[in-house]
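Structure data (mmCIF, C-alpha atoms) from final-v7.cif:
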data_final
#
loop_
_atom_site.label_atom_id
_atom_site.label_comp_id
_atom_site.auth_asym_id
_atom_site.auth_seq_id
_atom_site.Cartn_x
_atom_site.Cartn_y
_atom_site.Cartn_z
CA MET A 1148 -27.12 -10.50 -25.72
CA ALA A 1149 -24.72 -8.80 -23.32
CA LEU A 1150 -21.72 -10.95 -22.39
CA VAL A 1151 -21.62 -9.32 -18.95
CA GLU A 1152 -24.79 -8.02 -17.34
CA ALA A 1153 -25.02 -5.65 -14.36
CA THR A 1154 -28.23 -5.15 -12.39
CA ASN A 1155 -29.02 -3.61 -9.02
CA ASP A 1156 -30.86 -4.93 -5.99
CA GLY A 1157 -30.88 -1.78 -3.89
CA THR A 1158 -27.24 -1.11 -3.00
CA VAL A 1159 -26.14 -4.59 -4.16
CA ARG A 1160 -24.73 -4.74 -7.71
CA ILE A 1161 -25.19 -8.13 -9.40
CA ILE A 1162 -22.63 -8.76 -12.15
CA THR A 1163 -23.34 -11.82 -14.28
CA ILE A 1164 -21.09 -13.57 -16.79
CA ASN A 1165 -23.51 -14.35 -19.61
CA ARG A 1166 -21.97 -16.99 -21.88
CA PRO A 1167 -23.91 -20.10 -20.82
CA ASP A 1168 -23.27 -21.79 -24.18
CA ARG A 1169 -19.54 -21.72 -23.28
CA ARG A 1170 -20.08 -22.51 -19.59
CA ASN A 1171 -19.24 -18.85 -18.98
CA ALA A 1172 -15.68 -19.35 -20.17
CA ILE A 1173 -14.07 -15.95 -20.59
CA ASP A 1174 -12.67 -14.75 -23.88
CA TYR A 1175 -10.89 -11.45 -24.52
CA GLU A 1176 -14.07 -9.40 -24.98
CA THR A 1177 -15.77 -10.83 -21.89
CA ALA A 1178 -12.68 -10.17 -19.78
CA GLU A 1179 -12.63 -6.53 -20.88
CA LEU A 1180 -16.32 -6.14 -20.06
CA LEU A 1181 -15.91 -7.81 -16.68
CA GLN A 1182 -13.03 -5.50 -15.81
CA GLY A 1183 -15.16 -2.51 -16.77
CA ALA A 1184 -18.16 -3.72 -14.78
CA PHE A 1185 -16.17 -4.00 -11.56
CA ALA A 1186 -14.34 -0.71 -12.09
CA SER A 1187 -17.74 0.93 -12.56
CA PHE A 1188 -19.06 -0.73 -9.39
CA ASP A 1189 -16.08 0.43 -7.36
CA SER A 1190 -16.54 4.05 -8.45
CA ASP A 1191 -20.33 4.10 -7.90
CA SER A 1192 -21.14 5.53 -4.48
CA ASP A 1193 -24.67 4.10 -4.64
CA ALA A 1194 -23.39 0.49 -4.91
CA ARG A 1195 -21.99 -1.01 -1.71
CA VAL A 1196 -21.53 -4.73 -2.43
CA ALA A 1197 -21.03 -6.67 -5.67
CA VAL A 1198 -22.23 -10.21 -6.31
CA LEU A 1199 -20.51 -12.10 -9.13
CA ALA A 1200 -22.51 -14.90 -10.75
CA GLY A 1201 -22.60 -16.99 -13.91
CA ALA A 1202 -25.65 -17.51 -16.11
CA GLY A 1203 -27.18 -20.90 -16.84
CA GLY A 1204 -26.10 -22.94 -13.83
CA THR A 1205 -22.30 -22.65 -14.09
CA PHE A 1206 -20.17 -20.02 -12.38
CA CYS A 1207 -17.22 -20.04 -14.77
CA ALA A 1208 -15.13 -22.64 -16.61
CA GLY A 1209 -12.12 -20.33 -16.80
CA ALA A 1210 -10.53 -18.90 -19.91
CA ASP A 1211 -12.12 -19.79 -23.24
CA LEU A 1212 -9.57 -22.31 -24.54
CA VAL A 1213 -11.50 -22.73 -27.80
CA ALA A 1214 -11.09 -19.01 -28.52
CA ILE A 1215 -7.42 -19.14 -27.51
CA ALA A 1216 -6.79 -22.17 -29.74
CA GLY A 1217 -8.41 -20.21 -32.57
CA GLY A 1218 -6.00 -17.32 -32.12
CA THR A 1219 -8.03 -14.91 -29.95
CA VAL A 1220 -5.85 -14.72 -26.86
CA ASN A 1221 -6.81 -13.02 -23.59
CA ARG A 1222 -4.72 -10.11 -22.40
CA LEU A 1223 -1.31 -11.43 -21.24
CA GLN A 1224 0.70 -8.45 -20.00
CA GLU A 1225 2.54 -8.36 -16.68
CA ASP A 1226 1.01 -5.01 -15.75
CA GLY A 1227 -2.58 -3.81 -15.97
CA HIS A 1228 -5.64 -5.95 -15.54
CA GLY A 1229 -5.56 -9.74 -15.60
CA PRO A 1230 -6.28 -12.21 -18.41
CA LEU A 1231 -9.78 -12.76 -17.01
CA GLY A 1232 -10.39 -9.07 -16.31
CA PRO A 1233 -10.62 -7.80 -12.74
CA THR A 1234 -8.29 -10.29 -11.00
CA ARG A 1235 -5.63 -7.62 -10.38
CA LEU A 1236 -8.09 -4.87 -9.52
CA GLN A 1237 -7.60 -3.60 -5.97
CA ILE A 1238 -11.26 -3.02 -5.32
CA THR A 1239 -12.33 -1.09 -2.21
CA LYS A 1240 -15.75 -2.65 -1.50
CA PRO A 1241 -16.94 -6.19 -0.67
CA THR A 1242 -17.48 -8.78 -3.38
CA ILE A 1243 -19.27 -12.13 -3.18
CA ALA A 1244 -18.99 -15.02 -5.66
CA VAL A 1245 -21.90 -17.38 -6.32
CA ILE A 1246 -20.40 -20.80 -7.11
CA ASP A 1247 -22.83 -23.09 -8.86
CA GLY A 1248 -22.06 -25.88 -11.28
CA TYR A 1249 -18.33 -25.50 -11.83
CA ALA A 1250 -15.79 -22.87 -10.79
CA VAL A 1251 -12.66 -24.33 -12.32
CA ALA A 1252 -9.29 -23.14 -13.61
CA GLY A 1253 -9.61 -19.37 -14.08
CA GLY A 1254 -13.18 -19.59 -12.79
CA LEU A 1255 -11.77 -20.67 -9.44
CA GLU A 1256 -9.33 -17.76 -9.61
CA LEU A 1257 -12.21 -15.32 -10.15
CA ALA A 1258 -14.01 -16.78 -7.12
CA LEU A 1259 -10.82 -16.49 -5.04
CA TRP A 1260 -10.55 -12.83 -6.02
CA CYS A 1261 -13.88 -12.18 -4.31
CA ASP A 1262 -13.99 -11.63 -0.55
CA LEU A 1263 -16.68 -14.23 0.17
CA ARG A 1264 -17.85 -17.32 -1.69
CA VAL A 1265 -21.31 -18.91 -1.52
CA MET A 1266 -21.24 -22.44 -2.95
CA GLU A 1267 -24.17 -24.62 -3.92
CA GLU A 1268 -24.06 -28.14 -2.49
CA ASP A 1269 -23.53 -29.94 -5.81
CA ALA A 1270 -20.96 -27.50 -7.21
CA ILE A 1271 -17.32 -28.36 -7.93
CA VAL A 1272 -14.17 -26.24 -7.75
CA GLY A 1273 -10.75 -27.21 -9.02
CA VAL A 1274 -7.64 -26.42 -11.03
CA PHE A 1275 -8.87 -28.38 -14.04
CA CYS A 1276 -6.43 -26.56 -16.33
CA ARG A 1277 -3.71 -28.81 -14.84
CA ARG A 1278 -4.67 -31.41 -17.48
CA PHE A 1279 -3.80 -29.11 -20.38
CA GLY A 1280 -0.70 -27.31 -19.13
CA VAL A 1281 -2.55 -24.00 -18.87
CA PRO A 1282 -1.09 -22.05 -15.91
CA LEU A 1283 -2.79 -20.10 -13.16
CA VAL A 1284 -2.14 -16.47 -14.05
CA ASP A 1285 -5.12 -14.72 -12.42
CA GLY A 1286 -3.90 -14.91 -8.83
CA GLY A 1287 -4.65 -18.56 -8.07
CA THR A 1288 -1.19 -19.45 -6.79
CA VAL A 1289 -1.18 -16.28 -4.68
CA ARG A 1290 -4.68 -16.25 -3.19
CA LEU A 1291 -5.41 -19.94 -2.71
CA PRO A 1292 -2.56 -20.55 -0.17
CA ARG A 1293 -3.59 -17.43 1.74
CA ILE A 1294 -7.17 -18.66 1.99
CA VAL A 1295 -6.75 -22.40 2.65
CA GLY A 1296 -3.10 -22.79 3.67
CA LEU A 1297 -0.06 -24.02 1.75
CA GLY A 1298 -0.67 -27.76 2.06
CA ARG A 1299 -4.26 -27.72 0.87
CA ALA A 1300 -3.45 -25.23 -1.86
CA LEU A 1301 -0.65 -27.38 -3.25
CA ASP A 1302 -2.90 -30.44 -3.17
CA MET A 1303 -5.43 -28.63 -5.36
CA ILE A 1304 -2.87 -26.90 -7.60
CA LEU A 1305 -0.66 -29.91 -8.30
CA THR A 1306 -3.34 -32.58 -8.70
CA GLY A 1307 -6.04 -30.49 -10.37
CA ARG A 1308 -8.66 -32.63 -8.63
CA GLY A 1309 -12.25 -31.52 -8.17
CA VAL A 1310 -13.30 -30.41 -4.70
CA GLY A 1311 -16.92 -30.62 -3.57
CA ALA A 1312 -18.82 -28.16 -1.42
CA GLU A 1313 -18.44 -29.82 1.98
CA GLU A 1314 -14.67 -30.21 1.59
CA ALA A 1315 -14.41 -26.65 0.30
CA LEU A 1316 -16.28 -25.41 3.37
CA ALA A 1317 -14.15 -27.50 5.75
CA MET A 1318 -10.91 -26.10 4.31
CA GLY A 1319 -12.20 -22.51 4.47
CA LEU A 1320 -12.28 -22.05 0.70
CA VAL A 1321 -15.95 -21.05 0.77
CA SER A 1322 -17.97 -19.07 3.29
CA ARG A 1323 -21.38 -20.72 2.93
CA VAL A 1324 -22.79 -23.94 1.42
CA VAL A 1325 -26.43 -23.76 0.36
CA PRO A 1326 -28.91 -26.03 -1.45
CA THR A 1327 -28.71 -26.14 -5.22
CA GLY A 1328 -30.53 -23.21 -6.77
CA GLN A 1329 -30.23 -20.96 -3.70
CA GLY A 1330 -26.75 -19.55 -4.25
CA LEU A 1331 -27.70 -16.25 -5.86
CA GLU A 1332 -30.53 -15.57 -3.41
CA THR A 1333 -28.21 -16.27 -0.47
CA ALA A 1334 -25.43 -14.09 -1.87
CA ILE A 1335 -27.77 -11.17 -2.46
CA ALA A 1336 -29.15 -11.48 1.09
CA LEU A 1337 -25.59 -11.56 2.41
CA GLY A 1338 -24.78 -8.52 0.29
CA ARG A 1339 -27.75 -6.64 1.72
CA GLU A 1340 -26.53 -7.47 5.23
CA LEU A 1341 -23.05 -6.09 4.50
CA ALA A 1342 -24.55 -3.03 2.85
CA SER A 1343 -26.61 -2.29 5.98
CA PHE A 1344 -23.57 -1.81 8.22
CA PRO A 1345 -21.74 1.51 8.76
CA GLN A 1346 -19.70 1.64 5.58
CA THR A 1347 -16.60 3.60 6.54
CA CYS A 1348 -15.79 1.14 9.30
CA LEU A 1349 -16.57 -1.90 7.15
CA MET A 1350 -14.37 -0.74 4.27
CA ASN A 1351 -11.52 0.33 6.53
CA ASP A 1352 -11.50 -2.98 8.41
CA ARG A 1353 -11.55 -4.79 5.06
CA ALA A 1354 -8.67 -2.67 3.77
CA SER A 1355 -6.65 -3.23 6.96
CA THR A 1356 -7.14 -6.99 6.67
CA TYR A 1357 -5.78 -7.12 3.11
CA GLU A 1358 -2.98 -4.61 3.66
CA GLY A 1359 -1.86 -6.42 6.80
CA LEU A 1360 -0.94 -9.48 4.73
CA ASP A 1361 1.97 -7.52 3.25
CA PHE A 1362 3.22 -5.82 6.43
CA GLU A 1363 5.41 -6.94 9.29
CA PHE A 1364 3.36 -7.51 12.42
CA GLU A 1365 4.13 -4.20 14.17
CA GLU A 1366 3.49 -2.17 11.03
CA ALA A 1367 0.23 -4.06 10.46
CA LEU A 1368 -0.92 -3.01 13.93
CA ARG A 1369 -0.03 0.61 13.24
CA ASN A 1370 -1.85 0.44 9.91
CA GLU A 1371 -4.92 -1.02 11.62
CA TYR A 1372 -4.87 1.84 14.10
CA ARG A 1373 -4.67 4.44 11.33
CA HIS A 1374 -7.72 2.93 9.63
CA GLY A 1375 -9.48 2.62 12.97
CA ARG A 1376 -9.09 6.30 13.83
CA ILE A 1377 -10.83 7.25 10.60
CA SER A 1378 -13.60 4.71 11.22
CA PHE A 1379 -14.19 5.78 14.78
CA ALA A 1380 -14.52 9.42 13.74
CA ALA A 1381 -16.99 8.49 10.98
CA ASP A 1382 -19.02 5.68 12.56
CA GLY A 1383 -17.79 4.70 16.00
CA ARG A 1384 -19.05 7.55 18.15
CA GLU A 1385 -22.51 7.35 16.63
CA GLY A 1386 -22.48 3.58 17.09
CA ALA A 1387 -21.50 3.96 20.74
CA ARG A 1388 -24.47 6.26 21.29
CA HIS A 1389 -26.80 3.64 19.76
CA PHE A 1390 -25.35 1.01 22.09
CA GLU A 1391 -25.75 3.29 25.09
CA ALA A 1392 -29.40 3.72 24.12
CA GLY A 1393 -29.89 -0.05 24.39
CA GLU A 1394 -29.52 -1.19 20.79
CA GLY A 1395 -27.61 -4.29 19.74
CA ARG A 1396 -27.43 -5.91 23.17
CA HIS A 1397 -26.68 -9.65 23.47
CA GLY A 1398 -25.33 -9.75 19.92
CA ALA A 1399 -28.51 -8.49 18.22
CA PHE A 1400 -27.89 -6.99 14.78
CA ASP A 1401 -31.25 -5.32 14.30
CA ARG A 1402 -31.55 -1.67 15.32
#
Just give me the structure as structure tokens.
Amino acid sequence: MALVEATNDGTVRIITINRPDRRNAIDYETAELLQGAFASFDSDSDARVAVLAGAGGTFCAGADLVAIAGGTVNRLQEDGHGPLGPTRLQITKPTIAVIDGYAVAGGLELALWCDLRVMEEDAIVGVFCRRFGVPLVDGGTVRLPRIVGLGRALDMILTGRGVGAEEALAMGLVSRVVPTGQGLETAIALGRELASFPQTCLMNDRASTYEGLDFEFEEALRNEYRHGRISFAADGREGARHFEAGEGRHGAFDR
């Protein structure tokens, strides 16, 4: 049985953590495989969007504390990839997490690493590792405040409480809430939608959004313009001709 499985739905790559007997908790080997799966996705020109899911009804329970207690410790170096694998990877294409069951501790950090999060209505997210003194070292203290704001992030980080789907949606932690059992289907459909758009523009706007977080305002505007010039040359003129021909009026996305 593969610990990490990768399948394709057209241009959507579905990457699944496959340790349901451990609630998809990630040990050293699984982290290495997950890192490799996303690096492979990013370098594959035929794959446009990645969906990250967990097998067996749970997204991910974080690091495998049983394995760590037994002496098999995840990678813990300051440089290189993260303890859970791809959490330091500066990927260039969109990623979507499917949160079902629990996305807690490092599992929440993996979901935060993705661009979009689809959450099933009975799922729970939280910093459950607070109870055991296990720190957030896969970007949780960095990404969570940027996504939900400092106050909400500190409430989750300091208390370790579980957060349900409706609250997660209200605070902007997740992008969609769907009925139980429909998370993967919804994420794949969303991935297909993203994959259908002109890709140079989509990836450049995505890159500008992330890069702008680290720039002063004026430099962020200049950086956006630099990306935009490339996008307009690749996609914009052709898109303008489609609009002139009558496509996409009144907000329609079909062509």
Open item on the list: Once the PyMOL selection byres ((chain A and resi 1310-1315) around 8) has been evaluated on this model, what residues remain selected, and can you format them as a ChimeraX atom specification?
Closed with: /A:1266-1273,1308-1309,1316-1321,1324
Open item on the list: Using Å and a single decimal, report how far atom CA of A:Thr1163 sits from atom CA of A:Gly1204.
Closed with: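 Taking atom CA of A:Gly1204 and atom CA of A:Thr1163, their separation equals 11.5 Å.
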Task: Separation of atom CA of A:Arg1264 from atom CA of A:Arg1323, in Å and rounded to one decimal - done: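 Calculated distance between atom CA of A:Arg1264 and atom CA of A:Arg1323 is 6.7 Å.
Atom CA of A:Ser1192 sits 17.0 Å away from atom CA of A:Arg1353.
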- [ ] Tell me which residues the PyMOL selection byres ((chain A and resi 1182) around 9) grabs here, as a ChimeraX atom specification.
- [x] /A:1177-1181,1183-1187,1228-1229,1231-1234,1236
Just want the 9 Å neighbourhood of stretch 1167-1171 of chain A, counted on all atoms listed in the file, with same-chain residues fewer than 3 positions away dropped. Output as a tab-separated table (two decimals) with C-alpha atoms, keeping the file's coordinate frame.
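To be explicit, this is the file written out as result.tsv:
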chain	number	residue	atom	x	y	z
A	1150	LEU	CA	-21.72	-10.95	-22.39
A	1164	ILE	CA	-21.09	-13.57	-16.79
A	1201	GLY	CA	-22.60	-16.99	-13.91
A	1202	ALA	CA	-25.65	-17.51	-16.11
A	1203	GLY	CA	-27.18	-20.90	-16.84
A	1204	GLY	CA	-26.10	-22.94	-13.83
A	1205	THR	CA	-22.30	-22.65	-14.09
A	1206	PHE	CA	-20.17	-20.02	-12.38
A	1207	CYS	CA	-17.22	-20.04	-14.77
A	1208	ALA	CA	-15.13	-22.64	-16.61
A	1209	GLY	CA	-12.12	-20.33	-16.80
A	1210	ALA	CA	-10.53	-18.90	-19.91
A	1211	ASP	CA	-12.12	-19.79	-23.24
A	1249	TYR	CA	-18.33	-25.50	-11.83
A	1254	GLY	CA	-13.18	-19.59	-12.79
- [ ] List the residues selected by the PyMOL selection byres ((chain A and resi 1306) around 10) in the file shown, writing them as number ranges by chain.
- [x] A: 1273-1275, 1277-1278, 1301-1305, 1307-1309
Task: Contacts of stretch 1343-1351 of chain A within 12 Å, all atoms listed in the file, excl. fewer than 6 positions in-chain, as a PyMOL selection string - done: chain A and resi 1157-1159+1189+1192-1196+1238-1242+1262+1336-1337+1357-1359+1370-1386+1400-1402
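Distances to A:Cys1276 were evaluated for A:Leu1212, A:Leu1341, A:Leu1263, A:Ile1294 using all atoms listed in the file, and the minimum falls at A:Leu1212.
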Task: Selected residue of minimal separation from A:Glu1332 among A:Gln1237, A:Val1265, A:Ala1153, A:Arg1222, counting all atoms listed in the file - done: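 Under the stated criterion, the closest residue is A:Val1265.
Take the candidates A:Ala1172, A:Leu1223, A:Ile1162, A:Ala1214 and check each one against A:Val1198 using all atoms listed in the file; the shortest distance goes to A:Ile1162.
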